[in-house]
$ cat entry33.pdb   # PDB, C-alpha atoms, pLDDT in the B column
ATOM      1  CA  MET A 331     234.028 -60.715 -11.019  1.00 80.00           C
ATOM      2  CA  LYS A 332     235.663 -57.508 -12.216  1.00 92.00           C
ATOM      3  CA  VAL A 333     236.510 -59.086 -15.586  1.00 93.00           C
ATOM      4  CA  ILE A 334     232.885 -60.180 -16.053  1.00 94.00           C
ATOM      5  CA  ARG A 335     231.664 -56.640 -15.361  1.00 94.00           C
ATOM      6  CA  ILE A 336     234.106 -55.186 -17.852  1.00 94.00           C
ATOM      7  CA  LEU A 337     233.029 -57.731 -20.495  1.00 95.00           C
ATOM      8  CA  LEU A 338     229.351 -56.982 -19.844  1.00 95.00           C
ATOM      9  CA  ALA A 339     230.012 -53.236 -20.084  1.00 95.00           C
ATOM     10  CA  LEU A 340     231.860 -53.706 -23.385  1.00 96.00           C
ATOM     11  CA  MET A 341     229.031 -55.838 -24.791  1.00 97.00           C
ATOM     12  CA  GLY A 342     226.510 -53.203 -23.703  1.00 95.00           C
ATOM     13  CA  LEU A 343     228.515 -50.444 -25.362  1.00 96.00           C
ATOM     14  CA  ALA A 344     228.777 -52.539 -28.528  1.00 96.00           C
ATOM     15  CA  ALA A 345     224.992 -53.035 -28.547  1.00 96.00           C
ATOM     16  CA  LEU A 346     224.512 -49.306 -27.968  1.00 92.00           C
ATOM     17  CA  GLY A 347     226.811 -48.501 -30.879  1.00 94.00           C
ATOM     18  CA  PHE A 348     225.000 -50.975 -33.130  1.00 95.00           C
ATOM     19  CA  GLY A 349     221.630 -49.462 -32.177  1.00 89.00           C
ATOM     20  CA  ALA A 350     222.954 -45.961 -32.859  1.00 87.00           C
ATOM     21  CA  SER A 351     224.197 -47.023 -36.303  1.00 90.00           C
ATOM     22  CA  LEU A 352     220.779 -48.539 -37.099  1.00 87.00           C
ATOM     23  CA  PHE A 353     219.073 -45.338 -35.994  1.00 81.00           C
ATOM     24  CA  VAL A 354     221.361 -43.196 -38.153  1.00 83.00           C
ATOM     25  CA  ASP A 355     220.567 -45.438 -41.145  1.00 84.00           C
ATOM     26  CA  TYR A 356     216.863 -44.908 -40.406  1.00 78.00           C
ATOM     27  CA  ALA A 357     217.006 -41.201 -39.588  1.00 76.00           C
ATOM     28  CA  ALA A 358     219.450 -39.825 -42.155  1.00 77.00           C
ATOM     29  CA  PRO A 359     217.284 -40.255 -45.288  1.00 80.00           C
ATOM     30  CA  ALA A 360     214.238 -38.633 -43.692  1.00 77.00           C
ATOM     31  CA  TRP A 361     215.957 -36.146 -41.393  1.00 77.00           C
ATOM     32  CA  PRO A 362     213.340 -33.427 -40.946  1.00 77.00           C
ATOM     33  CA  GLU A 363     210.636 -35.983 -40.189  1.00 76.00           C
ATOM     34  CA  SER A 364     212.875 -38.214 -38.092  1.00 75.00           C
ATOM     35  CA  PHE A 365     213.504 -35.350 -35.658  1.00 78.00           C
ATOM     36  CA  LYS A 366     210.203 -36.324 -34.014  1.00 78.00           C
ATOM     37  CA  THR A 367     211.673 -39.761 -33.391  1.00 76.00           C
ATOM     38  CA  VAL A 368     214.733 -38.202 -31.756  1.00 77.00           C
ATOM     39  CA  LEU A 369     212.428 -36.203 -29.485  1.00 79.00           C
ATOM     40  CA  TRP A 370     210.407 -39.318 -28.699  1.00 76.00           C
ATOM     41  CA  ILE A 371     213.490 -41.390 -27.849  1.00 78.00           C
ATOM     42  CA  GLY A 372     215.182 -38.690 -25.791  1.00 79.00           C
ATOM     43  CA  GLY A 373     212.157 -36.888 -24.425  1.00 81.00           C
ATOM     44  CA  GLY A 374     210.799 -39.745 -22.334  1.00 79.00           C
ATOM     45  CA  PRO A 375     213.853 -40.211 -20.131  1.00 82.00           C
ATOM     46  CA  ILE A 376     214.370 -36.461 -19.821  1.00 86.00           C
ATOM     47  CA  VAL A 377     210.769 -35.810 -18.770  1.00 83.00           C
ATOM     48  CA  ASN A 378     210.908 -38.772 -16.393  1.00 80.00           C
ATOM     49  CA  ASP A 379     214.145 -37.605 -14.753  1.00 86.00           C
ATOM     50  CA  ALA A 380     213.216 -33.922 -14.682  1.00 88.00           C
ATOM     51  CA  VAL A 381     209.530 -34.125 -13.712  1.00 86.00           C
ATOM     52  CA  PHE A 382     208.157 -37.499 -12.634  1.00 82.00           C
ATOM     53  CA  ALA A 383     211.046 -38.803 -10.522  1.00 85.00           C
ATOM     54  CA  PRO A 384     211.391 -35.638  -8.374  1.00 90.00           C
ATOM     55  CA  VAL A 385     207.613 -35.407  -7.912  1.00 88.00           C
ATOM     56  CA  ALA A 386     207.438 -39.085  -6.910  1.00 84.00           C
ATOM     57  CA  GLY A 387     210.346 -38.657  -4.503  1.00 86.00           C
ATOM     58  CA  VAL A 388     208.884 -35.589  -2.810  1.00 91.00           C
ATOM     59  CA  LEU A 389     205.420 -37.175  -2.654  1.00 86.00           C
ATOM     60  CA  GLY A 390     206.830 -40.373  -1.127  1.00 85.00           C
ATOM     61  CA  LEU A 391     208.799 -38.372   1.438  1.00 89.00           C
ATOM     62  CA  LEU A 392     205.759 -36.307   2.368  1.00 90.00           C
ATOM     63  CA  LEU A 393     203.553 -39.384   2.651  1.00 87.00           C
ATOM     64  CA  SER A 394     206.061 -41.119   4.905  1.00 86.00           C
ATOM     65  CA  ARG A 395     206.241 -38.079   7.194  1.00 90.00           C
ATOM     66  CA  VAL A 396     202.556 -37.158   7.330  1.00 92.00           C
ATOM     67  CA  LEU A 397     200.632 -40.425   7.306  1.00 92.00           C
ATOM     68  CA  PRO A 398     200.250 -42.711  10.305  1.00 92.00           C
ATOM     69  CA  THR A 399     202.128 -45.998  10.062  1.00 90.00           C
ATOM     70  CA  ALA A 400     198.998 -48.025   9.285  1.00 91.00           C
ATOM     71  CA  TRP A 401     198.175 -45.831   6.270  1.00 93.00           C
ATOM     72  CA  ARG A 402     201.644 -45.481   4.724  1.00 92.00           C
ATOM     73  CA  ALA A 403     201.834 -48.710   2.728  1.00 92.00           C
ATOM     74  CA  PRO A 404     198.255 -48.664   1.367  1.00 95.00           C
ATOM     75  CA  VAL A 405     198.494 -45.013   0.274  1.00 94.00           C
ATOM     76  CA  GLN A 406     201.919 -45.508  -1.290  1.00 90.00           C
ATOM     77  CA  VAL A 407     200.668 -48.563  -3.210  1.00 93.00           C
ATOM     78  CA  GLY A 408     197.607 -46.571  -4.318  1.00 94.00           C
ATOM     79  CA  ALA A 409     199.826 -43.715  -5.508  1.00 91.00           C
ATOM     80  CA  VAL A 410     202.070 -46.080  -7.481  1.00 88.00           C
ATOM     81  CA  LEU A 411     199.055 -47.819  -9.065  1.00 92.00           C
ATOM     82  CA  THR A 412     197.561 -44.436  -9.948  1.00 92.00           C
ATOM     83  CA  ALA A 413     200.784 -43.415 -11.686  1.00 88.00           C
ATOM     84  CA  VAL A 414     201.089 -46.730 -13.558  1.00 88.00           C
ATOM     85  CA  LEU A 415     197.454 -46.650 -14.685  1.00 91.00           C
ATOM     86  CA  GLY A 416     197.902 -43.049 -15.791  1.00 87.00           C
ATOM     87  CA  PHE A 417     200.974 -43.967 -17.844  1.00 83.00           C
ATOM     88  CA  ILE A 418     199.111 -46.862 -19.451  1.00 83.00           C
ATOM     89  CA  ALA A 419     196.045 -44.742 -20.282  1.00 84.00           C
ATOM     90  CA  PHE A 420     197.966 -41.638 -21.364  1.00 80.00           C
ATOM     91  CA  PRO A 421     198.288 -42.479 -25.088  1.00 75.00           C
ATOM     92  CA  LEU A 422     194.532 -43.035 -25.390  1.00 76.00           C
ATOM     93  CA  LEU A 423     193.678 -39.983 -23.275  1.00 78.00           C
ATOM     94  CA  TRP A 424     195.989 -37.783 -25.306  1.00 75.00           C
ATOM     95  CA  ARG A 425     194.864 -39.039 -28.715  1.00 69.00           C
ATOM     96  CA  THR A 426     191.979 -41.398 -29.293  1.00 64.00           C
ATOM     97  CA  TYR A 427     194.015 -43.517 -31.686  1.00 63.00           C
ATOM     98  CA  GLY A 428     197.391 -43.022 -29.990  1.00 56.00           C
ATOM     99  CA  VAL A 429     198.237 -46.714 -30.136  1.00 60.00           C
ATOM    100  CA  ILE A 430     197.876 -49.493 -32.669  1.00 65.00           C
ATOM    101  CA  PRO A 431     194.160 -50.317 -32.969  1.00 65.00           C
ATOM    102  CA  LYS A 432     193.146 -53.504 -31.198  1.00 65.00           C
ATOM    103  CA  PRO A 433     189.688 -55.028 -31.186  1.00 67.00           C
ATOM    104  CA  GLY A 434     187.697 -53.534 -28.353  1.00 62.00           C
ATOM    105  CA  LEU A 435     190.374 -51.103 -27.168  1.00 59.00           C
ATOM    106  CA  HIS A 436     188.976 -48.014 -28.848  1.00 61.00           C
ATOM    107  CA  ASP A 437     185.330 -48.980 -28.380  1.00 66.00           C
ATOM    108  CA  GLY A 438     185.202 -47.985 -24.718  1.00 72.00           C
ATOM    109  CA  ASN A 439     185.370 -44.680 -22.917  1.00 80.00           C
ATOM    110  CA  THR A 440     188.981 -44.368 -21.757  1.00 82.00           C
ATOM    111  CA  TRP A 441     188.264 -41.637 -19.207  1.00 88.00           C
ATOM    112  CA  ALA A 442     185.416 -43.593 -17.625  1.00 90.00           C
ATOM    113  CA  GLY A 443     187.495 -46.773 -17.514  1.00 90.00           C
ATOM    114  CA  LEU A 444     190.448 -45.004 -15.919  1.00 92.00           C
ATOM    115  CA  LEU A 445     188.305 -43.187 -13.363  1.00 95.00           C
ATOM    116  CA  LEU A 446     186.403 -46.365 -12.469  1.00 96.00           C
ATOM    117  CA  THR A 447     189.635 -48.313 -12.035  1.00 96.00           C
ATOM    118  CA  LEU A 448     191.120 -45.554  -9.881  1.00 96.00           C
ATOM    119  CA  ALA A 449     187.950 -45.478  -7.780  1.00 97.00           C
ATOM    120  CA  VAL A 450     188.317 -49.211  -7.120  1.00 97.00           C
ATOM    121  CA  VAL A 451     192.022 -48.823  -6.301  1.00 97.00           C
ATOM    122  CA  TRP A 452     191.394 -46.014  -3.810  1.00 97.00           C
ATOM    123  CA  ALA A 453     188.400 -47.807  -2.275  1.00 98.00           C
ATOM    124  CA  VAL A 454     190.696 -50.764  -1.579  1.00 97.00           C
ATOM    125  CA  VAL A 455     193.289 -48.336  -0.185  1.00 97.00           C
ATOM    126  CA  LEU A 456     190.693 -46.854   2.169  1.00 97.00           C
ATOM    127  CA  LEU A 457     189.441 -50.267   3.278  1.00 97.00           C
ATOM    128  CA  THR A 458     192.965 -51.578   3.810  1.00 97.00           C
ATOM    129  CA  GLY A 459     194.057 -48.493   5.723  1.00 95.00           C
ATOM    130  CA  ALA A 460     190.956 -48.609   7.925  1.00 95.00           C
ATOM    131  CA  ALA A 461     191.447 -52.327   8.600  1.00 95.00           C
ATOM    132  CA  ARG A 462     195.086 -51.757   9.513  1.00 94.00           C
ATOM    133  CA  MET A 463     194.087 -48.958  11.894  1.00 92.00           C
ATOM    134  CA  VAL A 464     191.519 -51.194  13.608  1.00 92.00           C
ATOM    135  CA  LEU A 465     193.995 -54.059  13.870  1.00 90.00           C
ATOM    136  CA  ALA A 466     196.674 -51.746  15.243  1.00 85.00           C
ATOM    137  CA  HIS A 467     194.341 -50.611  18.048  1.00 83.00           C
ATOM    138  CA  ARG A 468     193.135 -54.147  18.828  1.00 80.00           C
ATOM    139  CA  LYS A 469     196.576 -55.596  19.471  1.00 64.00           C
ATOM    140  CA  PRO A 470     196.966 -56.557  23.121  1.00 67.00           C
ATOM    141  CA  ARG A 471     199.369 -54.344  24.934  1.00 63.00           C
ATOM    142  CA  ARG A 472     202.218 -55.855  26.849  1.00 68.00           C
ATOM    143  CA  PRO A 473     202.039 -55.304  30.572  1.00 65.00           C
ATOM    144  CA  ALA A 474     204.556 -52.833  31.829  1.00 62.00           C
ATOM    145  CA  ALA A 475     207.554 -54.428  33.461  1.00 63.00           C
ATOM    146  CA  LYS A 476     207.752 -53.841  37.159  1.00 65.00           C
ATOM    147  CA  SER A 477     210.771 -51.965  38.249  1.00 60.00           C
ATOM    148  CA  VAL A 478     213.107 -53.468  40.823  1.00 62.00           C
ATOM    149  CA  ALA A 479     212.596 -50.471  43.120  1.00 59.00           C
ATOM    150  CA  ALA A 480     208.793 -50.963  43.186  1.00 57.00           C
ATOM    151  CA  GLN A 481     209.140 -54.508  44.519  1.00 57.00           C
TER     152      GLN A 481
END
$ encode --input "entry33.pdb" --output "structure tokens"
Amino acid sequence: MKVIRILLALMGLAALGFGASLFVDYAAPAWPESFKTVLWIGGGPIVNDAVFAPVAGVLGLLLSRVLPTAWRAPVQVGAVLTAVLGFIAFPLLWRTYGVIPKPGLHDGNTWAGLLLTLAVVWAVVLLTGAARMVLAHRKPRRPAAKSVAAQ
């Protein structure tokens, strides 16, 4: 197993080196303009690791401490869906033509679509959380075991 891991690591490093050589071939002739590409390639992981991951971790920790058990899973799923939908909509919210034009994609109102989708997501979260609360209170309770001393 150790040999397989070493071989996989070497193949990954070889692919990384090949990708770096292709990028240098692309970036060297147009260096001042290709600096934006360097920022784009490196900026995403840095912003994710420095901003989004710590915020998500702290938010998840707070939600797990504050929310009742019945509400934890629905709210956490709603938060994850909100983040994913935000990431998907971000290019079109930031710039109207931030992605390759596709038929029908730029015809709609991105803000309205995102807000409507988030409203549906959080309505389902509220309904699910409320249903889980009702079901948690409706469960029959086990009768208390009689102690030996009481008999």
$ atom_distance --input "entry33.pdb" --atom1 "CA of Ala419 (chain A)" --atom2 "CA of Leu444 (chain A)"
7.1 Å
$ closest_residue --input "entry33.pdb" --among "A:Val407, A:Trp441, A:Met463, A:Thr447" --to "Phe420 (chain A)" --atoms "all atoms listed in the file"
A:Trp441
$ resolve_selection --input "entry33.pdb" --expression "the PyMOL selection byres ((chain A and resi 455) around 9)" --output "ChimeraX atom specification"
/A:401,404-405,407-408,450-454,456-460
$ residues_around --input "entry33.pdb" --residues "Leu423 (chain A)" --least-positions-apart "4" --cutoff "10 Å" --atoms "all atoms listed in the file" --output "PyMOL selection string"
chain A and resi 416-419+427-428+439-441+444
$ atom_distance --input "entry33.pdb" --atom1 "CA of Ser394 (chain A)" --atom2 "CA of Ala449 (chain A)"
22.5 Å
$ axis_aligned_box --input "entry33.pdb" --around "region 449-462 of chain A" --padding-each-side "8 Å" --output "JSON"
{"center_x": 191.5, "center_y": -48.9, "center_z": 0.9, "size_x": 23.1, "size_y": 22.8, "size_z": 33.3}
$ atom_distance --input "entry33.pdb" --atom1 "CA of Ser364 (chain A)" --atom2 "CA of Gly342 (chain A)"
24.9 Å
$ residues_around --input "entry33.pdb" --residues "region 350-356 of chain A" --least-positions-apart "6" --cutoff "12 Å" --atoms "all atoms listed in the file" --output "list in words"
Leu343, Ala344, Glu363, Ser364, Phe365, Thr367, Val368 and Ile371 of chain A
